[in-house]
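S.K.: So here's coords_20.cif (mmCIF, C-alpha atoms).
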data_start
#
loop_
_atom_site.label_atom_id
_atom_site.label_comp_id
_atom_site.auth_asym_id
_atom_site.auth_seq_id
_atom_site.Cartn_x
_atom_site.Cartn_y
_atom_site.Cartn_z
CA MET A 1 13.04 9.72 -6.63
CA LYS A 2 10.77 12.78 -6.77
CA PHE A 3 7.36 12.71 -8.44
CA ARG A 4 6.73 15.67 -10.74
CA THR A 5 3.36 14.70 -12.23
CA VAL A 6 0.35 12.66 -11.15
CA ASN A 7 0.92 10.36 -14.14
CA GLU A 8 4.44 9.62 -12.87
CA LEU A 9 3.03 8.88 -9.42
CA THR A 10 0.23 6.59 -10.59
CA ALA A 11 2.54 4.71 -12.97
CA TYR A 12 4.86 4.10 -10.00
CA LEU A 13 2.02 3.01 -7.71
CA TYR A 14 0.58 0.58 -10.24
CA HIS A 15 3.94 -1.14 -10.61
CA LEU A 16 4.26 -1.77 -6.89
CA PRO A 17 3.24 -5.21 -5.59
CA ARG A 18 -0.40 -5.63 -4.49
CA LEU A 19 0.37 -7.86 -1.49
CA HIS A 20 3.19 -8.66 0.93
CA GLU A 21 4.15 -12.24 1.64
CA LYS A 22 2.66 -11.80 5.12
CA SER A 23 -0.73 -10.11 5.52
CA ASP A 24 0.08 -7.86 8.45
CA LEU A 25 0.32 -4.15 9.16
CA THR A 26 4.03 -3.96 9.99
CA TYR A 27 5.11 -2.06 6.88
CA VAL A 28 2.37 0.56 6.83
CA LYS A 29 2.75 1.18 10.57
CA ARG A 30 6.49 1.73 10.16
CA VAL A 31 6.07 4.30 7.38
CA LEU A 32 3.29 6.07 9.29
CA LYS A 33 5.52 6.26 12.36
CA ALA A 34 8.28 7.77 10.21
CA LEU A 35 5.72 10.38 9.08
CA GLY A 36 4.78 11.26 12.67
CA ASP A 37 1.74 8.97 12.96
CA PRO A 38 -0.69 11.27 11.11
CA GLN A 39 -3.50 8.71 11.53
CA ASP A 40 -3.60 9.62 15.24
CA LYS A 41 -4.04 13.35 14.57
CA VAL A 42 -7.53 13.17 13.02
CA LYS A 43 -10.78 11.72 14.37
CA CYS A 44 -11.66 8.86 12.03
CA CYS A 45 -14.84 7.00 11.13
CA HIS A 46 -13.88 3.54 9.85
CA ILE A 47 -16.15 1.64 7.44
CA THR A 48 -16.06 -1.95 6.18
CA GLY A 49 -18.59 -4.22 4.50
CA THR A 50 -18.94 -6.51 1.52
CA ASN A 51 -21.26 -3.99 -0.13
CA GLY A 52 -22.41 -0.48 0.72
CA LYS A 53 -19.29 0.80 2.41
CA GLY A 54 -18.54 3.35 -0.32
CA SER A 55 -22.05 4.79 -0.36
CA THR A 56 -22.12 4.92 3.44
CA ALA A 57 -18.79 6.76 3.41
CA TYR A 58 -20.10 9.42 1.01
CA TYR A 59 -23.32 9.88 3.02
CA LEU A 60 -21.47 10.20 6.31
CA ASN A 61 -18.98 12.61 4.79
CA ASN A 62 -21.80 14.88 3.61
CA LEU A 63 -23.53 14.77 7.00
CA LEU A 64 -20.28 15.86 8.65
CA GLN A 65 -19.82 18.67 6.14
CA LYS A 66 -23.40 19.84 6.66
CA ALA A 67 -22.60 20.02 10.39
CA GLY A 68 -19.79 22.46 9.63
CA GLN A 69 -16.87 20.05 9.87
CA GLN A 70 -13.75 19.99 7.71
CA THR A 71 -13.73 16.46 6.35
CA GLY A 72 -11.36 14.02 4.75
CA LEU A 73 -12.68 11.10 2.71
CA PHE A 74 -10.66 8.06 1.61
CA VAL A 75 -12.50 5.73 -0.78
CA SER A 76 -11.82 3.19 -3.50
CA PRO A 77 -11.87 2.68 -6.34
CA PHE A 78 -11.78 5.96 -8.20
CA ILE A 79 -14.13 6.36 -11.16
CA ILE A 80 -12.53 8.98 -13.41
CA ARG A 81 -9.35 10.32 -11.75
CA PHE A 82 -7.00 8.85 -9.15
CA ASN A 83 -7.36 12.04 -7.08
CA GLU A 84 -10.92 10.98 -6.17
CA ARG A 85 -9.42 8.45 -3.75
CA ILE A 86 -8.45 11.24 -1.34
CA GLN A 87 -10.94 14.08 -0.83
CA LEU A 88 -11.13 17.25 1.24
CA ASN A 89 -14.62 18.59 1.93
CA GLY A 90 -16.00 16.51 -0.92
CA GLN A 91 -13.45 17.70 -3.48
CA ALA A 92 -10.72 15.51 -4.97
CA ILE A 93 -7.22 16.29 -3.72
CA ALA A 94 -5.45 18.87 -5.89
CA ASP A 95 -2.53 17.62 -7.98
CA GLU A 96 0.01 19.74 -6.09
CA ASP A 97 -1.18 18.45 -2.71
CA LEU A 98 -1.16 14.87 -3.94
CA LEU A 99 2.41 15.20 -5.19
CA GLU A 100 3.49 16.88 -1.96
CA VAL A 101 2.29 14.04 0.26
CA ALA A 102 3.48 11.40 -2.21
CA ASN A 103 7.00 12.81 -2.13
CA GLU A 104 6.95 12.91 1.68
CA VAL A 105 5.90 9.27 1.79
CA GLU A 106 8.62 8.37 -0.73
CA ALA A 107 11.21 10.21 1.38
CA ALA A 108 10.08 8.30 4.47
CA VAL A 109 10.38 5.01 2.58
CA GLY A 110 13.88 6.04 1.50
CA HIS A 111 14.93 6.66 5.11
CA LEU A 112 13.56 3.26 6.16
CA ARG A 113 15.54 1.61 3.35
CA GLU A 114 18.72 2.99 4.93
CA GLU A 115 17.92 0.74 7.91
CA GLU A 116 16.49 -2.15 5.88
CA ALA A 117 17.53 -2.28 2.23
CA ASP A 118 14.51 -4.27 0.99
CA PHE A 119 11.84 -2.25 2.82
CA ALA A 120 8.92 -1.57 0.46
CA LEU A 121 5.25 -0.70 0.45
CA VAL A 122 2.49 -2.29 -1.58
CA THR A 123 0.23 0.00 -3.62
CA PHE A 124 -2.58 0.34 -1.09
CA GLU A 125 -0.19 1.03 1.81
CA TYR A 126 1.27 3.92 -0.15
CA GLU A 127 -2.23 5.30 -0.79
CA VAL A 128 -3.24 4.93 2.86
CA ALA A 129 -0.12 6.74 4.03
CA MET A 130 -0.73 9.61 1.59
CA ALA A 131 -4.35 9.94 2.73
CA PHE A 132 -3.61 10.07 6.47
CA LEU A 133 -0.73 12.50 5.93
CA PHE A 134 -2.92 14.81 3.82
CA PHE A 135 -5.81 14.77 6.32
CA ALA A 136 -3.44 15.59 9.19
CA LYS A 137 -1.81 18.42 7.21
CA GLN A 138 -5.25 19.88 6.44
CA LYS A 139 -6.24 19.58 10.12
CA CYS A 140 -9.47 17.79 9.22
CA ASP A 141 -12.03 17.58 12.00
CA TYR A 142 -13.05 14.12 10.82
CA ALA A 143 -11.83 11.66 8.22
CA VAL A 144 -14.13 8.99 6.82
CA ILE A 145 -12.02 5.97 5.94
CA GLU A 146 -13.27 3.14 3.73
CA VAL A 147 -11.29 -0.10 3.97
CA GLY A 148 -9.80 -1.71 0.90
CA ILE A 149 -10.51 -5.39 1.62
CA GLY A 150 -11.60 -6.97 4.90
CA ALA A 151 -10.80 -5.03 8.07
CA GLU A 152 -8.53 -6.79 10.56
CA HIS A 153 -5.62 -7.01 8.11
CA ASP A 154 -6.64 -4.07 5.94
CA LYS A 155 -3.96 -1.41 5.65
CA THR A 156 -6.37 1.25 6.95
CA ASN A 157 -6.71 -0.62 10.25
CA VAL A 158 -3.95 1.38 11.93
CA MET A 159 -5.95 3.85 14.03
CA THR A 160 -8.51 3.91 16.80
CA PRO A 161 -11.64 5.41 15.24
CA VAL A 162 -14.39 7.35 16.98
CA VAL A 163 -16.97 5.04 15.38
CA SER A 164 -16.78 1.82 13.34
CA LEU A 165 -19.29 0.56 10.76
CA ILE A 166 -19.91 -2.87 9.19
CA THR A 167 -22.45 -2.36 6.40
CA THR A 168 -22.92 -5.93 5.13
CA ILE A 169 -21.23 -9.32 5.22
CA GLY A 170 -21.35 -11.54 2.14
CA LEU A 171 -19.14 -13.59 -0.15
CA ASP A 172 -16.49 -11.59 -1.97
CA HIS A 173 -12.67 -11.66 -2.04
CA GLU A 174 -12.88 -15.25 -0.78
CA GLN A 175 -9.33 -15.97 -1.99
CA ILE A 176 -7.94 -13.26 0.29
CA ILE A 177 -10.19 -13.15 3.37
CA GLY A 178 -12.29 -16.31 2.94
CA PRO A 179 -13.03 -18.88 1.87
CA THR A 180 -16.09 -19.17 4.12
CA LEU A 181 -18.62 -16.58 5.24
CA ALA A 182 -17.45 -17.20 8.81
CA ASP A 183 -13.85 -16.33 7.80
CA ILE A 184 -15.07 -13.12 6.18
CA ALA A 185 -17.16 -12.20 9.24
CA LYS A 186 -14.14 -12.74 11.51
CA GLU A 187 -11.96 -10.56 9.26
CA LYS A 188 -14.50 -7.74 9.06
CA SER A 189 -15.04 -7.86 12.82
CA GLY A 190 -11.43 -6.72 13.10
CA ILE A 191 -12.71 -3.18 12.63
CA ILE A 192 -14.27 -3.34 16.11
CA LYS A 193 -12.09 -1.62 18.71
CA PRO A 194 -12.32 -1.62 22.52
CA ALA A 195 -15.09 0.69 23.75
CA VAL A 196 -15.56 2.26 20.30
CA PRO A 197 -19.21 2.35 19.12
CA VAL A 198 -19.98 0.06 16.18
CA ILE A 199 -22.88 0.39 13.72
CA LEU A 200 -24.05 -2.84 12.10
CA GLY A 201 -26.12 -3.31 8.94
CA ASP A 202 -27.13 -6.49 7.09
CA ILE A 203 -25.30 -9.23 8.99
CA PRO A 204 -26.42 -12.79 8.09
CA ALA A 205 -27.83 -14.74 11.04
CA SER A 206 -25.31 -17.54 10.43
CA VAL A 207 -22.36 -15.30 11.34
CA LYS A 208 -24.01 -12.82 13.69
CA GLY A 209 -22.57 -14.70 16.68
CA ILE A 210 -19.01 -14.11 15.44
CA VAL A 211 -19.61 -10.36 15.35
CA GLU A 212 -21.41 -10.34 18.69
CA GLU A 213 -18.54 -12.23 20.32
CA LYS A 214 -16.06 -9.56 19.17
CA ILE A 215 -18.40 -6.79 20.38
CA THR A 216 -18.65 -8.43 23.80
CA LYS A 217 -14.87 -8.93 24.10
CA SER A 218 -14.28 -5.32 23.08
CA ALA A 219 -17.01 -3.91 25.33
CA SER A 220 -18.13 -1.82 22.35
CA PRO A 221 -21.54 -0.12 22.27
CA SER A 222 -23.43 -1.63 19.32
CA TYR A 223 -26.26 -0.25 17.21
CA TRP A 224 -27.97 -2.73 14.87
CA LEU A 225 -30.07 -2.13 11.77
CA GLY A 226 -33.50 -3.63 12.40
CA ARG A 227 -33.05 -3.64 16.17
CA ASP A 228 -31.91 -0.14 17.11
CA PHE A 229 -32.66 1.79 13.93
CA GLN A 230 -35.11 1.09 11.12
CA VAL A 231 -35.56 1.52 7.37
CA LYS A 232 -39.26 1.52 6.49
CA GLU A 233 -40.38 1.44 2.87
CA GLU A 234 -43.35 3.67 2.06
CA LYS A 235 -45.23 4.53 -1.13
CA ALA A 236 -43.30 7.73 -1.73
CA GLY A 237 -39.92 6.54 -0.48
CA TYR A 238 -38.37 5.59 2.84
CA GLU A 239 -38.65 6.60 6.47
CA LEU A 240 -35.46 6.16 8.47
CA ALA A 241 -35.98 5.93 12.22
CA VAL A 242 -32.60 6.65 13.81
CA ALA A 243 -31.72 7.77 17.34
CA GLY A 244 -35.23 9.03 18.10
CA GLN A 245 -35.52 11.00 14.84
CA ASN A 246 -37.46 10.25 11.67
CA TYR A 247 -36.00 11.12 8.27
CA GLN A 248 -37.81 11.04 4.93
CA LEU A 249 -35.99 9.94 1.79
CA PRO A 250 -37.24 9.57 -1.80
CA ALA A 251 -37.79 6.26 -3.62
CA TRP A 252 -34.15 5.25 -3.78
CA PRO A 253 -32.83 1.72 -4.29
CA ARG A 254 -33.31 -0.02 -0.96
CA PRO A 255 -29.57 -0.63 -0.35
CA GLU A 256 -28.94 3.13 -0.63
CA ALA A 257 -31.62 3.83 1.98
CA LYS A 258 -29.92 1.34 4.30
CA ASP A 259 -26.52 2.93 3.68
CA ALA A 260 -27.97 6.37 4.45
CA ALA A 261 -29.42 4.97 7.69
CA MET A 262 -26.00 3.56 8.61
CA ALA A 263 -24.45 6.99 8.10
CA LEU A 264 -27.13 8.66 10.23
CA ALA A 265 -26.61 6.09 12.99
CA ALA A 266 -22.85 6.74 13.00
CA PHE A 267 -23.39 10.49 13.01
CA ALA A 268 -25.68 10.12 16.06
CA PHE A 269 -22.71 8.85 18.10
CA LEU A 270 -20.67 11.98 17.38
CA PRO A 271 -20.85 15.21 19.45
CA LEU A 272 -22.52 17.05 16.56
CA THR A 273 -26.07 18.10 15.76
CA LEU A 274 -28.12 18.51 12.59
CA SER A 275 -31.80 19.17 12.14
CA GLU A 276 -33.83 16.49 10.40
CA LYS A 277 -34.26 18.75 7.34
CA ALA A 278 -30.53 19.52 7.16
CA ALA A 279 -29.67 15.82 7.45
CA GLU A 280 -32.20 14.91 4.75
CA ALA A 281 -30.71 17.58 2.50
CA ALA A 282 -27.17 16.28 3.10
CA LEU A 283 -28.23 12.76 2.10
CA THR A 284 -30.34 13.65 -0.94
CA GLN A 285 -27.62 15.96 -2.27
CA THR A 286 -25.03 13.17 -2.12
CA THR A 287 -23.81 11.67 -5.38
CA VAL A 288 -22.06 8.33 -5.10
CA PRO A 289 -19.99 7.77 -8.26
CA GLY A 290 -20.54 4.42 -9.95
CA ARG A 291 -23.28 3.29 -7.61
CA TYR A 292 -26.85 3.30 -8.96
CA GLN A 293 -25.70 6.21 -11.13
CA ARG A 294 -28.25 7.48 -13.67
CA LEU A 295 -27.13 9.16 -16.87
CA GLU A 296 -28.63 10.34 -20.16
CA LYS A 297 -26.18 10.47 -23.07
CA ALA A 298 -26.49 10.46 -26.86
CA GLY A 299 -30.20 9.68 -26.66
CA CYS A 300 -29.65 6.67 -24.38
CA SER A 301 -30.60 6.13 -20.73
CA PHE A 302 -27.94 4.51 -18.53
CA LEU A 303 -27.81 2.98 -15.08
CA LEU A 304 -24.21 2.37 -13.99
CA ASP A 305 -23.29 0.31 -10.95
CA GLY A 306 -20.06 -1.49 -10.10
CA ALA A 307 -21.81 -4.50 -8.52
CA HIS A 308 -19.57 -7.55 -8.89
CA ASN A 309 -20.91 -10.10 -6.42
CA VAL A 310 -24.21 -11.90 -5.89
CA GLN A 311 -25.24 -9.85 -2.87
CA ALA A 312 -24.91 -6.54 -4.73
CA GLY A 313 -26.32 -7.93 -7.98
CA SER A 314 -29.39 -9.31 -6.23
CA GLU A 315 -30.24 -5.81 -5.05
CA LEU A 316 -29.34 -4.08 -8.30
CA LEU A 317 -31.28 -6.24 -10.79
CA PRO A 318 -34.80 -5.78 -9.38
CA TYR A 319 -34.23 -2.00 -9.28
CA ALA A 320 -32.91 -1.92 -12.86
CA ARG A 321 -35.82 -4.04 -14.09
CA ARG A 322 -38.30 -1.74 -12.38
CA LEU A 323 -36.73 1.33 -13.97
CA ALA A 324 -36.90 -0.29 -17.41
CA LYS A 325 -40.52 -1.31 -16.85
CA ASP A 326 -41.42 2.22 -15.71
CA LYS A 327 -39.89 3.55 -18.93
CA GLY A 328 -41.90 1.06 -20.93
CA GLY A 329 -38.81 -0.46 -22.53
CA ARG A 330 -36.27 -3.25 -22.29
CA LEU A 331 -33.31 -3.70 -19.99
CA LEU A 332 -30.10 -4.11 -22.01
CA VAL A 333 -26.99 -5.13 -20.07
CA LEU A 334 -23.33 -4.38 -20.80
CA ALA A 335 -21.25 -6.46 -18.38
CA GLY A 336 -17.55 -6.89 -17.77
CA MET A 337 -15.88 -8.54 -14.79
CA MET A 338 -12.56 -9.34 -13.21
CA LYS A 339 -11.62 -12.99 -13.69
CA ASP A 340 -11.05 -13.52 -9.95
CA LYS A 341 -14.75 -12.87 -9.21
CA ASP A 342 -17.59 -15.41 -9.06
CA LEU A 343 -18.39 -15.10 -12.76
CA SER A 344 -20.92 -17.91 -13.00
CA ASP A 345 -22.91 -17.01 -9.88
CA PHE A 346 -23.07 -13.32 -10.75
CA LEU A 347 -24.00 -13.85 -14.40
CA THR A 348 -26.67 -16.37 -13.43
CA LEU A 349 -28.57 -13.35 -12.08
CA LEU A 350 -28.62 -11.96 -15.64
CA LYS A 351 -29.70 -15.15 -17.43
CA ASN A 352 -33.07 -13.66 -18.41
CA GLU A 353 -31.63 -10.37 -19.72
CA LYS A 354 -30.23 -9.31 -23.10
CA VAL A 355 -26.52 -9.24 -22.16
CA THR A 356 -23.41 -8.17 -24.05
CA LEU A 357 -20.15 -9.17 -22.38
CA THR A 358 -16.99 -7.14 -22.86
CA SER A 359 -13.49 -6.77 -21.46
CA LEU A 360 -10.88 -4.17 -20.55
CA ALA A 361 -7.18 -3.65 -21.19
CA TYR A 362 -6.42 -4.68 -17.62
CA PRO A 363 -4.54 -7.79 -16.42
CA ARG A 364 -7.33 -9.00 -14.12
CA ALA A 365 -10.13 -8.41 -16.64
CA ALA A 366 -11.97 -11.52 -17.79
CA LYS A 367 -11.64 -12.33 -21.49
CA LYS A 368 -14.05 -14.59 -23.39
CA ALA A 369 -12.16 -17.78 -22.47
CA ASP A 370 -12.35 -16.92 -18.75
CA PHE A 371 -16.15 -17.08 -18.71
CA PRO A 372 -17.91 -20.40 -18.02
CA ALA A 373 -18.97 -22.39 -21.09
CA TRP A 374 -22.67 -21.73 -20.52
CA VAL A 375 -21.98 -17.98 -20.40
CA GLN A 376 -20.00 -18.06 -23.66
CA GLU A 377 -22.84 -19.96 -25.30
CA LYS A 378 -25.67 -17.78 -23.99
CA PHE A 379 -24.33 -14.22 -24.14
CA ALA A 380 -22.80 -12.17 -26.94
CA TYR A 381 -19.16 -11.15 -26.44
CA GLU A 382 -17.30 -8.17 -27.88
CA GLY A 383 -13.81 -7.82 -26.44
CA ASP A 384 -13.36 -4.20 -27.53
CA LEU A 385 -15.21 -2.05 -25.01
CA GLY A 386 -15.76 0.86 -27.38
CA GLN A 387 -17.29 -1.44 -29.98
CA ALA A 388 -19.42 -3.22 -27.39
CA LEU A 389 -20.75 0.06 -25.99
CA ASN A 390 -21.56 1.37 -29.47
CA GLN A 391 -23.39 -1.85 -30.34
CA VAL A 392 -25.57 -1.70 -27.23
CA MET A 393 -26.29 2.01 -27.72
CA ALA A 394 -27.23 1.40 -31.37
CA GLU A 395 -29.67 -1.32 -30.32
CA ALA A 396 -31.27 0.71 -27.50
CA GLY A 397 -34.59 2.39 -28.26
CA ASP A 398 -35.88 5.59 -26.71
CA ARG A 399 -37.59 3.71 -23.88
CA ASP A 400 -34.85 1.17 -23.19
CA LEU A 401 -32.43 1.28 -20.25
CA ILE A 402 -28.78 0.26 -20.56
CA LEU A 403 -27.35 -1.26 -17.38
CA VAL A 404 -23.53 -1.20 -17.12
CA THR A 405 -22.34 -3.50 -14.36
CA GLY A 406 -19.93 -6.21 -13.17
CA SER A 407 -16.97 -4.04 -12.23
CA PHE A 408 -16.11 -0.52 -11.11
CA TYR A 409 -13.30 -0.62 -13.68
CA LEU A 410 -15.93 -1.13 -16.39
CA VAL A 411 -18.13 1.67 -15.03
CA SER A 412 -15.10 3.99 -14.98
CA ALA A 413 -14.14 3.14 -18.55
CA VAL A 414 -17.70 3.57 -19.85
CA LEU A 415 -18.07 6.93 -18.12
CA GLN A 416 -14.85 8.10 -19.73
CA PHE A 417 -16.07 6.90 -23.14
CA LEU A 418 -19.36 8.72 -22.69
CA GLN A 419 -17.67 11.92 -21.51
CA SER A 420 -15.51 12.03 -24.63
CA ALA A 421 -18.39 11.18 -26.98
#
In structure tokens, how does this file's structure come out?

M.R.:
Amino acid sequence: MKFRTVNELTAYLYHLPRLHEKSDLTYVKRVLKALGDPQDKVKCCHITGTNGKGSTAYYLNNLLQKAGQQTGLFVSPFIIRFNERIQLNGQAIADEDLLEVANEVEAAVGHLREEEADFALVTFEYEVAMAFLFFAKQKCDYAVIEVGIGAEHDKTNVMTPVVSLITTIGLDHEQIIGPTLADIAKEKSGIIKPAVPVILGDIPASVKGIVEEKITKSASPSYWLGRDFQVKEEKAGYELAVAGQNYQLPAWPRPEAKDAAMALAAFAFLPLTLSEKAAEAALTQTTVPGRYQRLEKAGCSFLLDGAHNVQAGSELLPYARRLAKDKGGRLLVLAGMMKDKDLSDFLTLLKNEKVTLTSLAYPRAAKKADFPAWVQEKFAYEGDLGQALNQVMAEAGDRDLILVTGSFYLVSAVLQFLQSA
């Protein structure tokens, strides 16, 4: 088949399976080989982590651009348009380029089916192949690659990067890469490659030994947050001490300051230079969609963040409460989640807030019956997102802050509602 529109392509991708029976890289490696192994034609920076990997990817991408490099960026999920998944120099891939690489991948799959009739890719493998092919065609100097889930078995784990990053390790996707924190740490350590530098962020003490063992076996230079580079909170913001340089950042949420420090630490391992002022400008000019995103619309103040696990929520809530307090108003929460997440643990963080629960027209989205009994009893529920959003906006006063959280899918849908309002 030949894709003629992006809608045709995305409809096709979303009807592909999400997982193979075996969680290995055989299929994606075969299609990449048929495409000439484009993943080996671009220098890649590979990023994993339970939280923070997307923000770190955006920060690193901007640092590379500021240093005069042509960059590719592969991130997930998208917020408004699918094209955001694959970016060139900070701009979403053009429709014609997306269709070109999609049709090349489809042709390669067709050739492989001549050898093996049931050969097929899952959705994410298709997206990974398109991204690497596009970055190679564009002759990118560097590509910043965010994993989908995990690292060792993630479909992006098909190249030898110039630097690897593990931002955080916490409980998420336990059904796929868990169930224990140790299992997750082992999976994420799969991003570490022999002799390739690795930057490490918030790694719990209980699993630090697992990561250190992989670093030792791989003989990889390691650079640890708190040991080799620092994030210091000051009255006016943050000072990041990285590779002998000191960078000043404004009063961001603390996780964003840590993610920026991770990006600076990775950049320090590359044969590139930036002045402190240029690096600070690259970081402060970075917008990370759906992460601590501030917005004013229709007389309401919004904070949108796709946090969906306890680790991310524990960082988000104190920041949101502080913003609401600074405004002199209340914090009103619109939350929606996927039913395969830790609904009870995450929503326990919100037990003292005014919360409205909602849902999405999406198979994985939690409906009222999917929430624990205590949640159904405590929080209001409106299954129609448009109605729920309108209700919260109608209740919000001039000084109140509306927090939209629980899922990137929810953040995306709310942003689209607000754009069309």

S.K.: Would you kindly translate the PyMOL selection byres ((chain A and resi 65) around 12) into the concrete residues it picks from this file, as a PyMOL selection string?

M.R.: chain A and resi 58-64+66-73+88-91+140-144+267+272-274+278-279+281-283+285-286

S.K.: Scan for residues within 6 Å of the point (-29.4, 1.0, -13.1) in the coordinates of the file, using all atoms listed in the file, and reply as a PyMOL selection string.

M.R.: chain A and resi 292+303-304+320+403

S.K.: Which residue out of A:Ala361, A:Leu334, A:Leu270, A:Ala396 has the minimum interatomic distance to Ala298 in chain A when only C-alpha atoms are used?

M.R.: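 Comparing A:Ala361, A:Leu334, A:Leu270, A:Ala396 against Ala298 in chain A, the winner is A:Ala396.
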
S.K.: Given the PyMOL selection byres ((chain A and resi 345) around 12) and the file above, list the residues it selects as a count of residues only.

M.R.: 24

S.K.: Assuming the chain letters and numbering stay as they are in my file, what does the PyMOL selection byres ((chain A and resi 210) around 8) actually select? List them as a PDB file with C-alpha atoms, in the coordinates of the input.

M.R.:
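Dumped to part_32.pdb:
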ATOM      1  CA  ALA A 182     -17.450 -17.200   8.810  1.00  0.00           C
ATOM      2  CA  ALA A 185     -17.160 -12.200   9.240  1.00  0.00           C
ATOM      3  CA  LYS A 186     -14.140 -12.740  11.510  1.00  0.00           C
ATOM      4  CA  SER A 189     -15.040  -7.860  12.820  1.00  0.00           C
ATOM      5  CA  VAL A 207     -22.360 -15.300  11.340  1.00  0.00           C
ATOM      6  CA  LYS A 208     -24.010 -12.820  13.690  1.00  0.00           C
ATOM      7  CA  GLY A 209     -22.570 -14.700  16.680  1.00  0.00           C
ATOM      8  CA  VAL A 211     -19.610 -10.360  15.350  1.00  0.00           C
ATOM      9  CA  GLU A 212     -21.410 -10.340  18.690  1.00  0.00           C
ATOM     10  CA  GLU A 213     -18.540 -12.230  20.320  1.00  0.00           C
ATOM     11  CA  LYS A 214     -16.060  -9.560  19.170  1.00  0.00           C
TER      12      LYS A 214
END

S.K.: Which residues come within 12 Å of Asp97 in chain A, counting only C-alpha atoms, excluding same-chain residues fewer than 6 positions away, as number ranges by chain?

M.R.: A: 3-6, 83, 86-88, 103-104, 130-131, 133-135, 137-138

S.K.: Taking into account all atoms listed in the file, which residue in the set A:Ser206, A:Ser412, A:Gln245, A:Thr358 is nearest to Glu382 in chain A?

M.R.: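 Result for the nearest residue to Glu382 in chain A: A:Thr358.
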
S.K.: Within 7 Å of Asp202 in chain A, counting all atoms listed in the file, which residues show up once you throw out same-chain ones fewer than 5 positions away? Write them as a JSON list (two decimals) with C-alpha atoms, in the frame of the given file, please.

M.R.:
[["chain", "number", "residue", "atom", "x", "y", "z"],
["A", 167, "THR", "CA", -22.45, -2.36, 6.40],
["A", 168, "THR", "CA", -22.92, -5.93, 5.13],
["A", 169, "ILE", "CA", -21.23, -9.32, 5.22]]

S.K.: A:Ser164, A:Ile215, A:Asn352, A:Arg30: which is nearest Gly49 in chain A, counting only C-alpha atoms?

M.R.: A:Ser164

S.K.: Find, counting all atoms listed in the file, the residue in A:Thr287, A:Gln39, A:Gln391, A:Gln376 that gets nearest to Thr156 in chain A.

M.R.: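 Among the listed residues, A:Gln39 lies closest to Thr156 in chain A.
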
S.K.: My list of candidates is A:Ile402, A:Ala94, A:Cys44, A:Ile191. Which is closest to Ala136 in chain A when distances are computed with all atoms listed in the file?

M.R.: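 Going through A:Ile402, A:Ala94, A:Cys44, A:Ile191 one by one, the smallest distance to Ala136 in chain A is for A:Cys44.
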
S.K.: In Å to one decimal, how far is CA of Val163 in chain A from CA of Gly201 in chain A?

M.R.: 14.0 Å

S.K.: So which one's closest to Lys193 in chain A, A:Ala34, A:His111, A:Arg330, A:Ser218? Using all atoms listed in the file, please.

M.R.: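 Between A:Ala34, A:His111, A:Arg330, A:Ser218, the residue approaching Lys193 in chain A most closely is A:Ser218.
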
S.K.: Quick one: residues within 12 Å of Gln416 in chain A, only C-alpha atoms counted, chain neighbours fewer than 4 positions away excluded, as a list of chain:residue names?

M.R.: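 What passes the distance filter is A:Ile79, A:Ile80, A:Arg81, A:Gly290, A:Leu385, A:Gly386, A:Leu389, A:Tyr409, A:Leu410, A:Val411, A:Ser412, A:Ser420, A:Ala421.
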
S.K.: Just how far from CA of Leu357 in chain A is CA of Leu418 in chain A, in Å to one decimal?

M.R.: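 Taking CA of Leu418 in chain A and CA of Leu357 in chain A, their separation equals 17.9 Å.
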
S.K.: Go ahead and compute the interatomic distance for CA of Glu84 in chain A and CA of Leu98 in chain A, in Å to one decimal.

M.R.: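 Separating CA of Glu84 in chain A from CA of Leu98 in chain A is a distance of 10.7 Å.
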
S.K.: Can you tell me which residues surround Cys300 in chain A at a distance of at most 7 Å, considering only C-alpha atoms, apart from same-chain residues fewer than 4 positions away, and format the answer as a VMD selection string?

M.R.: chain A and resid 296 393 396 398

S.K.: What does the file look like for those residues with C-alpha atoms, as a tab-separated table (two decimals), keeping the file's coordinate frame?

M.R.:
chain	number	residue	atom	x	y	z
A	296	GLU	CA	-28.63	10.34	-20.16
A	393	MET	CA	-26.29	2.01	-27.72
A	396	ALA	CA	-31.27	0.71	-27.50
A	398	ASP	CA	-35.88	5.59	-26.71

S.K.: Counting all atoms listed in the file, note down every residue that has an atom within 10 Å of the point (0.0, 4.0, 8.1) (file coordinates), as a ChimeraX atom specification.

M.R.: /A:25-40,125-133,155-159
